[in-house]
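Structure file protein17.cif; described as mmCIF, C-alpha atoms.
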data_input
loop_
_atom_site.label_atom_id
_atom_site.label_comp_id
_atom_site.auth_asym_id
_atom_site.auth_seq_id
_atom_site.Cartn_x
_atom_site.Cartn_y
_atom_site.Cartn_z
CA MET D 105 -2.88 -21.03 -21.42
CA ARG D 106 -5.53 -18.81 -19.87
CA ARG D 107 -3.91 -19.21 -16.46
CA ILE D 108 -0.50 -18.29 -17.90
CA ALA D 109 -1.99 -15.17 -19.50
CA ARG D 110 -3.57 -14.18 -16.19
CA LEU D 111 -0.29 -14.66 -14.34
CA ARG D 112 1.49 -12.52 -16.93
CA SER D 113 -1.09 -9.81 -16.34
CA LEU D 114 -0.49 -10.06 -12.60
CA ALA D 115 3.25 -9.72 -13.10
CA LEU D 116 2.73 -6.69 -15.34
CA ALA D 117 0.41 -5.02 -12.84
CA ALA D 118 2.94 -5.59 -10.07
CA VAL D 119 5.76 -3.78 -11.88
CA LEU D 120 3.90 -0.99 -13.67
CA PRO D 121 6.27 1.77 -12.53
CA VAL D 122 9.27 -0.19 -13.84
CA VAL D 123 7.49 -0.93 -17.12
CA LEU D 124 6.75 2.75 -17.63
CA CYS D 125 10.41 3.63 -17.10
CA ALA D 126 11.67 0.89 -19.38
CA CYS D 127 9.38 1.65 -22.32
CA GLY D 128 10.04 5.33 -22.81
CA GLY D 129 11.24 6.93 -26.01
CA PRO D 130 11.73 10.36 -27.56
CA GLU D 131 9.24 13.03 -26.67
CA GLY D 132 6.10 13.45 -28.74
CA GLY D 133 2.35 13.56 -28.38
CA ALA D 134 0.18 12.01 -31.09
CA ALA D 135 -2.45 9.40 -30.37
CA ASP D 136 -1.73 6.39 -32.58
CA ASP D 137 0.78 3.53 -32.37
CA SER D 138 3.02 5.12 -34.99
CA ALA D 139 3.49 8.19 -32.83
CA GLU D 140 6.61 8.91 -30.88
CA ALA D 141 6.43 7.75 -27.27
CA VAL D 142 6.93 10.10 -24.36
CA LEU D 143 9.83 9.30 -22.08
CA VAL D 144 8.98 8.48 -18.47
CA THR D 145 12.08 9.45 -16.53
CA ALA D 146 13.11 7.57 -13.42
CA GLU D 147 13.36 10.88 -11.56
CA VAL D 148 9.72 11.77 -12.23
CA LEU D 149 8.49 8.30 -11.33
CA ARG D 150 10.67 8.23 -8.21
CA GLU D 151 9.03 11.44 -6.97
CA ASN D 152 5.62 10.00 -7.78
CA VAL D 153 6.35 6.85 -5.75
CA ASP D 154 7.71 8.92 -2.85
CA ILE D 155 4.53 11.02 -2.76
CA LEU D 156 2.19 8.03 -2.69
CA TYR D 157 4.42 6.37 -0.09
CA GLY D 158 4.02 9.48 2.05
CA LEU D 159 0.26 9.51 1.52
CA ALA D 160 -0.07 5.96 2.83
CA SER D 161 2.00 6.93 5.87
CA ILE D 162 0.14 10.18 6.58
CA GLU D 163 -3.22 8.44 6.38
CA ARG D 164 -1.92 5.63 8.63
CA TYR D 165 -3.04 3.02 6.11
CA ASN D 166 -2.55 -0.58 7.12
CA PRO D 167 -0.77 -2.83 4.56
CA PRO D 168 -3.89 -4.07 2.70
CA ARG D 169 -5.30 -0.55 2.33
CA ALA D 170 -1.93 0.83 1.21
CA SER D 171 -1.53 -1.92 -1.39
CA ARG D 172 -4.97 -1.03 -2.78
CA LEU D 173 -3.99 2.64 -3.03
CA PHE D 174 -0.76 1.86 -4.89
CA ALA D 175 -2.38 -0.68 -7.21
CA TYR D 176 -5.21 1.53 -8.44
CA ALA D 177 -2.97 4.59 -8.68
CA TYR D 178 -0.50 2.85 -10.95
CA VAL D 179 -3.13 1.12 -13.06
CA ALA D 180 -4.45 4.65 -13.73
CA LEU D 181 -0.98 5.98 -14.50
CA TYR D 182 -0.28 3.05 -16.82
CA GLU D 183 -3.61 3.28 -18.66
CA GLY D 184 -3.03 6.99 -19.17
CA TRP D 185 0.32 6.29 -20.83
CA VAL D 186 -0.24 2.99 -22.62
CA ARG D 187 -1.72 4.41 -25.84
CA GLY D 188 1.29 6.66 -26.30
CA VAL D 189 3.97 3.99 -25.97
CA PRO D 190 4.24 1.47 -28.82
CA GLY D 191 4.58 -2.10 -27.59
CA LEU D 192 2.53 -1.71 -24.42
CA GLU D 193 -0.95 -3.22 -24.13
CA THR D 194 -3.93 -2.02 -22.16
CA LEU D 195 -4.99 -3.95 -19.07
CA VAL D 196 -8.62 -3.90 -20.24
CA GLY D 197 -9.80 -7.50 -20.32
CA ARG D 198 -6.79 -8.59 -18.27
CA LEU D 199 -7.81 -7.31 -14.85
CA ASN D 200 -11.01 -8.58 -13.27
CA GLY D 201 -13.97 -6.31 -13.93
CA LEU D 202 -12.02 -3.93 -16.16
CA ASP D 203 -14.04 -4.58 -19.31
CA ALA D 204 -13.79 -1.23 -21.09
CA LEU D 205 -12.25 2.23 -20.87
CA PRO D 206 -12.87 5.40 -22.87
CA GLU D 207 -10.80 5.59 -26.05
CA PRO D 208 -9.06 8.80 -27.14
CA GLU D 209 -10.44 10.70 -30.09
CA ALA D 210 -8.79 9.48 -33.27
CA GLY D 211 -6.67 11.74 -35.42
CA VAL D 212 -5.85 14.38 -32.82
CA ALA D 213 -2.81 14.88 -30.60
CA PHE D 214 -2.65 14.05 -26.90
CA ASP D 215 0.08 14.65 -24.36
CA TRP D 216 0.35 11.30 -22.61
CA PRO D 217 2.15 12.44 -19.44
CA THR D 218 -0.71 14.90 -18.88
CA VAL D 219 -3.29 12.18 -19.53
CA ALA D 220 -1.57 9.74 -17.17
CA LEU D 221 -1.02 12.12 -14.27
CA THR D 222 -4.55 13.52 -14.52
CA ALA D 223 -5.97 9.98 -14.45
CA GLU D 224 -3.82 9.01 -11.48
CA LEU D 225 -4.78 12.10 -9.48
CA GLY D 226 -8.47 11.47 -10.13
CA VAL D 227 -8.31 7.85 -8.96
CA VAL D 228 -6.22 8.65 -5.88
CA SER D 229 -8.67 11.42 -4.97
CA LEU D 230 -11.48 8.85 -4.91
CA ILE D 231 -9.53 6.36 -2.81
CA LEU D 232 -8.55 9.09 -0.34
CA GLU D 233 -12.09 10.44 -0.09
CA GLY D 234 -12.62 11.51 3.50
CA ALA D 235 -8.88 11.81 4.13
CA GLN D 236 -7.18 14.71 5.87
CA PRO D 237 -7.45 17.90 3.75
CA PHE D 238 -3.70 18.28 3.28
CA SER D 239 -3.07 14.66 2.24
CA LEU D 240 -3.60 15.26 -1.48
CA PHE D 241 -1.83 18.62 -1.59
CA GLU D 242 1.61 17.26 -2.49
CA LEU D 243 0.28 15.03 -5.27
CA GLU D 244 -1.85 17.87 -6.67
CA THR D 245 1.17 20.18 -6.63
CA PHE D 246 3.33 17.53 -8.30
CA VAL D 247 0.79 16.99 -11.09
CA GLU D 248 0.39 20.73 -11.67
CA ARG D 249 4.16 21.14 -11.83
CA GLN D 250 4.59 18.29 -14.32
CA ILE D 251 1.81 19.59 -16.58
CA GLU D 252 3.33 23.06 -16.51
CA ALA D 253 6.66 21.49 -17.51
CA ARG D 254 4.91 19.93 -20.51
CA ARG D 255 3.66 23.37 -21.56
CA GLU D 256 7.17 24.77 -21.19
CA ALA D 257 8.43 21.89 -23.34
CA GLY D 258 6.26 23.17 -26.17
CA VAL D 259 3.00 21.25 -25.79
CA GLY D 260 0.20 23.54 -26.93
CA GLY D 261 -2.55 24.70 -24.61
CA GLY D 262 -5.25 22.98 -26.64
CA VAL D 263 -3.41 19.66 -26.48
CA VAL D 264 -2.93 19.99 -22.72
CA GLU D 265 -6.61 20.77 -22.13
CA ARG D 266 -7.72 17.89 -24.38
CA SER D 267 -5.33 15.58 -22.55
CA GLN D 268 -6.64 16.65 -19.16
CA GLU D 269 -10.21 16.01 -20.29
CA TYR D 270 -9.31 12.53 -21.51
CA GLY D 271 -7.39 11.84 -18.28
CA GLU D 272 -10.46 12.87 -16.28
CA ALA D 273 -12.62 10.52 -18.37
CA LEU D 274 -10.20 7.67 -17.68
CA ALA D 275 -10.19 8.54 -13.97
CA GLU D 276 -13.99 8.46 -13.84
CA ALA D 277 -14.14 5.03 -15.50
CA LEU D 278 -11.30 3.61 -13.41
CA SER D 279 -12.81 5.03 -10.23
CA ALA D 280 -16.10 3.28 -10.99
CA TRP D 281 -14.15 0.06 -11.53
CA ALA D 282 -12.30 0.52 -8.23
CA ASP D 283 -15.51 1.38 -6.41
CA ALA D 284 -16.99 -1.98 -7.40
CA ASP D 285 -14.30 -4.11 -5.71
CA ARG D 286 -16.41 -4.46 -2.51
CA TYR D 287 -13.93 -2.47 -0.43
CA ALA D 288 -16.71 -0.37 1.10
CA GLU D 289 -18.59 -3.55 2.05
CA ARG D 290 -15.68 -5.41 3.62
CA TRP D 291 -16.84 -4.96 7.22
CA ASP D 292 -20.40 -6.00 6.40
CA LEU D 293 -19.03 -9.14 4.74
CA ASN D 294 -16.91 -10.08 7.73
CA GLU D 295 -18.11 -13.07 9.71
CA TYR D 296 -14.80 -13.63 11.50
CA GLU D 297 -14.93 -14.56 15.17
CA PRO D 298 -11.75 -15.29 17.17
CA GLY D 299 -11.47 -18.88 18.32
CA ARG D 300 -12.10 -19.85 21.91
CA THR D 301 -10.41 -23.25 21.95
CA GLU D 302 -7.00 -24.22 23.28
CA GLY D 303 -4.31 -22.85 21.01
CA SER D 304 -6.49 -20.05 19.61
CA TRP D 305 -4.92 -16.65 19.05
CA VAL D 306 -5.62 -14.03 21.72
CA PRO D 307 -4.59 -10.35 21.97
CA THR D 308 -1.46 -9.75 24.03
CA ALA D 309 -1.30 -5.95 24.25
CA ASP D 310 -4.58 -4.42 25.33
CA TYR D 311 -3.25 -1.44 27.20
CA GLY D 312 -1.37 1.70 26.23
CA MET D 313 -0.66 5.32 26.98
CA SER D 314 -0.49 8.35 24.70
CA ILE D 315 2.70 10.43 24.63
CA PRO D 316 2.37 13.72 22.64
CA LEU D 317 5.34 14.30 20.33
CA ASN D 318 4.27 17.56 18.68
CA GLN D 319 1.13 19.45 17.69
CA VAL D 320 -0.07 16.82 15.22
CA THR D 321 1.52 13.52 16.25
CA GLN D 322 1.45 11.31 19.30
CA MET D 323 3.05 8.01 20.20
CA VAL D 324 0.92 5.25 21.66
CA GLN D 325 3.11 2.94 23.74
CA LEU D 326 1.63 -0.51 24.34
CA PHE D 327 2.07 -2.49 27.54
CA GLU D 328 1.46 -5.96 28.85
CA GLU D 329 -1.44 -6.13 31.28
CA ASP D 330 0.76 -6.71 34.35
CA ASP D 331 3.10 -3.84 33.41
CA TRP D 332 0.14 -1.56 32.79
CA ARG D 333 -0.95 -1.84 36.40
CA GLU D 334 2.51 -0.66 37.51
CA VAL D 335 2.55 2.15 34.93
CA ARG D 336 -0.69 3.60 36.26
CA GLU D 337 0.64 3.58 39.83
CA SER D 338 4.07 5.02 39.00
CA ASP D 339 5.20 8.64 38.72
CA GLU D 340 7.76 7.78 36.05
CA LEU D 341 8.01 5.72 32.87
CA ARG D 342 10.68 3.08 33.43
CA SER D 343 12.70 1.74 30.51
CA GLU D 344 11.97 -1.90 31.29
CA TRP D 345 8.31 -1.29 30.47
CA LEU D 346 9.04 0.00 26.97
CA SER D 347 9.02 -2.22 23.91
CA ASP D 348 8.95 -2.00 20.13
CA ARG D 349 5.17 -2.22 20.23
CA MET D 350 4.12 1.35 19.61
CA LEU D 351 2.09 3.35 17.13
CA LEU D 352 2.50 6.87 15.79
CA THR D 353 -0.91 8.43 15.24
CA ALA D 354 -2.38 11.83 14.49
CA ARG D 355 -3.74 13.72 17.47
CA PRO D 356 -6.32 13.50 18.85
CA SER D 357 -7.04 9.79 18.75
CA THR D 358 -8.31 7.05 20.98
CA ILE D 359 -6.23 4.11 22.08
CA THR D 360 -7.44 0.92 20.47
CA ASN D 361 -6.19 -2.62 20.60
CA PRO D 362 -3.87 -3.08 17.60
CA ASN D 363 -3.83 -6.84 18.04
CA THR D 364 -7.30 -7.38 16.66
CA ALA D 365 -7.51 -9.25 13.36
CA LEU D 366 -6.35 -7.07 10.47
CA GLU D 367 -8.99 -6.60 7.75
CA PRO D 368 -10.63 -10.04 8.15
CA GLY D 369 -13.17 -9.15 5.44
CA TRP D 370 -10.46 -8.42 2.88
CA ARG D 371 -10.74 -11.89 1.35
CA HIS D 372 -14.13 -10.91 -0.04
CA LEU D 373 -12.69 -8.13 -2.21
CA ARG D 374 -12.44 -8.68 -5.95
CA PRO D 375 -8.92 -9.88 -6.86
CA PHE D 376 -7.07 -8.01 -9.59
CA VAL D 377 -6.10 -11.05 -11.66
CA LEU D 378 -6.81 -14.29 -9.82
CA SER D 379 -10.23 -15.88 -10.09
CA SER D 380 -10.14 -16.50 -6.35
CA VAL D 381 -7.67 -16.19 -3.51
CA ALA D 382 -7.98 -19.97 -3.26
CA GLU D 383 -5.71 -20.19 -6.33
CA VAL D 384 -2.74 -19.20 -4.19
CA ALA D 385 -3.89 -20.51 -0.81
CA PRO D 386 -0.88 -21.36 1.39
CA PRO D 387 -0.61 -24.68 3.21
CA GLY D 388 -2.52 -24.79 6.48
CA PRO D 389 -0.71 -24.24 9.79
CA TYR D 390 0.54 -27.02 11.99
CA PRO D 391 -2.09 -28.20 14.46
CA TYR D 392 -1.63 -26.75 17.93
CA ALA D 393 0.36 -29.07 20.17
CA THR D 394 2.26 -28.95 23.46
CA ASP D 395 4.35 -32.03 22.75
CA PRO D 396 8.03 -30.91 22.53
CA GLU D 397 8.51 -33.37 19.66
CA SER D 398 5.71 -31.85 17.54
CA ASP D 399 6.30 -29.60 14.52
CA PHE D 400 4.24 -26.82 16.12
CA TYR D 401 6.20 -26.84 19.37
CA ARG D 402 9.54 -27.06 17.56
CA ASP D 403 8.87 -24.02 15.36
CA ALA D 404 7.29 -21.97 18.14
CA TYR D 405 10.23 -22.67 20.42
CA GLU D 406 12.66 -21.70 17.67
CA VAL D 407 11.01 -18.26 17.45
CA TYR D 408 11.19 -17.92 21.22
CA ARG D 409 14.84 -19.00 21.33
CA VAL D 410 15.92 -16.60 18.58
CA SER D 411 14.02 -13.72 20.23
CA LYS D 412 16.21 -14.15 23.30
CA GLU D 413 19.45 -13.94 21.32
CA LEU D 414 18.87 -10.96 19.04
CA THR D 415 21.91 -8.93 18.05
CA GLY D 416 22.04 -5.26 17.13
CA PHE D 417 22.03 -6.26 13.47
CA ASP D 418 18.90 -8.38 14.06
CA PHE D 419 17.12 -5.42 15.63
CA ALA D 420 18.15 -3.13 12.77
CA THR D 421 16.92 -5.67 10.23
CA GLY D 422 13.62 -6.05 12.04
CA HIS D 423 13.05 -2.30 12.18
CA TYR D 424 13.95 -1.98 8.49
CA TRP D 425 11.26 -4.48 7.52
CA ALA D 426 8.69 -3.57 10.21
CA ASP D 427 6.83 -1.10 7.95
CA LEU D 428 4.32 -0.07 10.60
CA PRO D 429 1.35 2.14 9.64
CA ALA D 430 2.03 5.86 10.19
CA GLN D 431 5.78 5.22 10.27
CA THR D 432 6.30 4.04 6.68
CA GLY D 433 4.33 3.39 3.51
CA THR D 434 3.87 -0.25 4.62
CA PRO D 435 5.38 -3.29 2.82
CA ALA D 436 3.72 -2.42 -0.50
CA GLY D 437 5.36 1.01 -0.49
CA HIS D 438 8.64 -0.51 0.64
CA TRP D 439 8.70 -2.86 -2.35
CA LEU D 440 7.87 0.00 -4.71
CA LYS D 441 10.88 1.89 -3.39
CA ILE D 442 13.05 -1.20 -3.91
CA ALA D 443 11.75 -1.45 -7.49
CA MET D 444 12.60 2.19 -8.13
CA ALA D 445 16.07 1.74 -6.62
CA THR D 446 16.59 -1.15 -9.04
CA VAL D 447 15.53 1.06 -11.96
CA GLU D 448 18.00 3.75 -10.96
CA GLN D 449 20.88 1.37 -10.24
CA ASN D 450 20.48 -0.32 -13.63
CA GLU D 451 19.84 2.98 -15.45
CA VAL D 452 16.66 1.57 -17.02
#
Could you render the structure from this file as structure tokens?
Amino acid sequence: MRRIARLRSLALAAVLPVVLCACGGPEGGAADDSAEAVLVTAEVLRENVDILYGLASIERYNPPRASRLFAYAYVALYEGWVRGVPGLETLVGRLNGLDALPEPEAGVAFDWPTVALTAELGVVSLILEGAQPFSLFELETFVERQIEARREAGVGGGVVERSQEYGEALAEALSAWADADRYAERWDLNEYEPGRTEGSWVPTADYGMSIPLNQVTQMVQLFEEDDWREVRESDELRSEWLSDRMLLTARPSTITNPNTALEPGWRHLRPFVLSSVAEVAPPGPYPYATDPESDFYRDAYEVYRVSKELTGFDFATGHYWADLPAQTGTPAGHWLKIAMATVEQNEV
């Protein structure tokens, strides 16, 4: 039963934006369960998702880092709203390490959209600490605009200020919880060393050149080692050297090898719901083999064969799901957009 409860919590955490849309009600602002809930419109949440998606792209977050940003942001948004929507339950005690959060003062009114957005902004500000100065501007502007809309809707100034103070208290507590997930220690905890035996993975694109696109962005085109020698000796960039392996980065930057292991220390971070990542460990890979009759050879050859027969539709599908850092909000952001599209299509 405990495992089922934990899995339910995981499912809830994964669809928080959809839950917030689905559980709205008429506008109101008191603090107890008998109070009227405040409607979370799909339009407002869509803009919120779009802004965070853009943040992950601007900051060139890789998929694990982007997923962490989205997860903590929407836990904060949910916890800021949950006490104003009858039927929803707090995630305190359901997510690992989240043992307590500040409670609102009893008997006084709060404006839950203001609480939620203030909490979200505070948590995102912590996660983006050290980011580019303009990265938070759009989210800050969005929050200010939404709070001003609440005032225009008739929410009193005292209620707004009280709600902002409570949202800030939630943000402080949630930020402390996020800060304890070992994210900052992940490189110190990493003992990963690439294998050196036959069949071990090795980088295949060590070389690249920077092509400025505008004042703030450059493209880094990656080359095979043999092609790179020709590139350096040529006066032109020939089309046969180009491939889909490229990065868009902010200028200036240094060219690094993107084929190094991605966040190998991530497995040491505190999971949100699972006791350990071992609970959902996938089956191990086939053992390396060169025998054409082996499972490994068969599957590897299938990938090779298909790669030689790609159609225009295949390329379009691949680009749609590529979700490269700096080009999109990564797979986590992509799935959030799909969830929001589902909300809008079904008029939740």
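Checking D:Leu293, D:Leu428, D:Val189, D:Val228 one by one against Arg371 of chain D, counting all atoms listed in the file, you find the shortest gap at D:Leu293.
Among D:Pro435, D:Glu163, D:Phe214, D:Leu274, the residue with the shortest atom-to-atom distance to Gly234 of chain D, counting all atoms listed in the file, is D:Glu163.
Against the coordinates shown, the PyMOL selection byres ((chain D and resi 199) around 6) returns D:Gly197, D:Arg198, D:Asn200, D:Leu202, D:Phe376, D:Val377.
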Expressed in Å to a single decimal, how great is the separation between atom CA of Phe419 of chain D and atom CA of Tyr157 of chain D?
23.4 Å
Identify, on the basis of all atoms listed in the file, every residue whose closest approach to segment 386-391 of chain D does not exceed 12 Å; exclude the query and any residue fewer than 3 positions from it along the same chain; express the result as a ChimeraX atom specification.
/D:302-304,381-383,394-395,398-404
Where does the PyMOL selection byres ((chain D and resi 167) around 12) land in this file, that is, which residues does it pick, as a VMD selection string?
chain D and resid 157 160 to 161 163 to 166 168 to 174 366 to 367 370 426 to 439
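The coordinates place atom CA of Tyr178 of chain D at 16.2 Å from atom CA of Val447 of chain D.
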Segment 432-449 of chain D, all listed atoms, 6 Å padding on each side: what axis-aligned box centre and edge lengths in Å to one decimal come out, as AutoDock Vina command-line options?
--center_x 12.3 --center_y 0.4 --center_z -2.6 --size_x 29.2 --size_y 19.3 --size_z 30.6
Could you tell me which residues the PyMOL selection byres ((chain D and resi 279) around 9) grabs in this file, written as a PDB file with C-alpha atoms, keeping the file's coordinate frame?
ATOM      1  CA  TYR D 176      -5.210   1.530  -8.440  1.00  0.00           C
ATOM      2  CA  GLY D 226      -8.470  11.470 -10.130  1.00  0.00           C
ATOM      3  CA  VAL D 227      -8.310   7.850  -8.960  1.00  0.00           C
ATOM      4  CA  VAL D 228      -6.220   8.650  -5.880  1.00  0.00           C
ATOM      5  CA  LEU D 230     -11.480   8.850  -4.910  1.00  0.00           C
ATOM      6  CA  ILE D 231      -9.530   6.360  -2.810  1.00  0.00           C
ATOM      7  CA  LEU D 274     -10.200   7.670 -17.680  1.00  0.00           C
ATOM      8  CA  ALA D 275     -10.190   8.540 -13.970  1.00  0.00           C
ATOM      9  CA  GLU D 276     -13.990   8.460 -13.840  1.00  0.00           C
ATOM     10  CA  ALA D 277     -14.140   5.030 -15.500  1.00  0.00           C
ATOM     11  CA  LEU D 278     -11.300   3.610 -13.410  1.00  0.00           C
ATOM     12  CA  ALA D 280     -16.100   3.280 -10.990  1.00  0.00           C
ATOM     13  CA  TRP D 281     -14.150   0.060 -11.530  1.00  0.00           C
ATOM     14  CA  ALA D 282     -12.300   0.520  -8.230  1.00  0.00           C
ATOM     15  CA  ASP D 283     -15.510   1.380  -6.410  1.00  0.00           C
ATOM     16  CA  ALA D 284     -16.990  -1.980  -7.400  1.00  0.00           C
TER      17      ALA D 284
END
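For the residues D:Trp305, D:Tyr424, D:Phe417, D:Tyr270, ranking by smallest atom-to-atom distance to Tyr392 of chain D using only C-alpha atoms places D:Trp305 first.
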For a test of reading the model, state the distance in Å between atom CA of Ser229 of chain D and atom CA of Val247 of chain D, rounded to one decimal.
12.6 Å
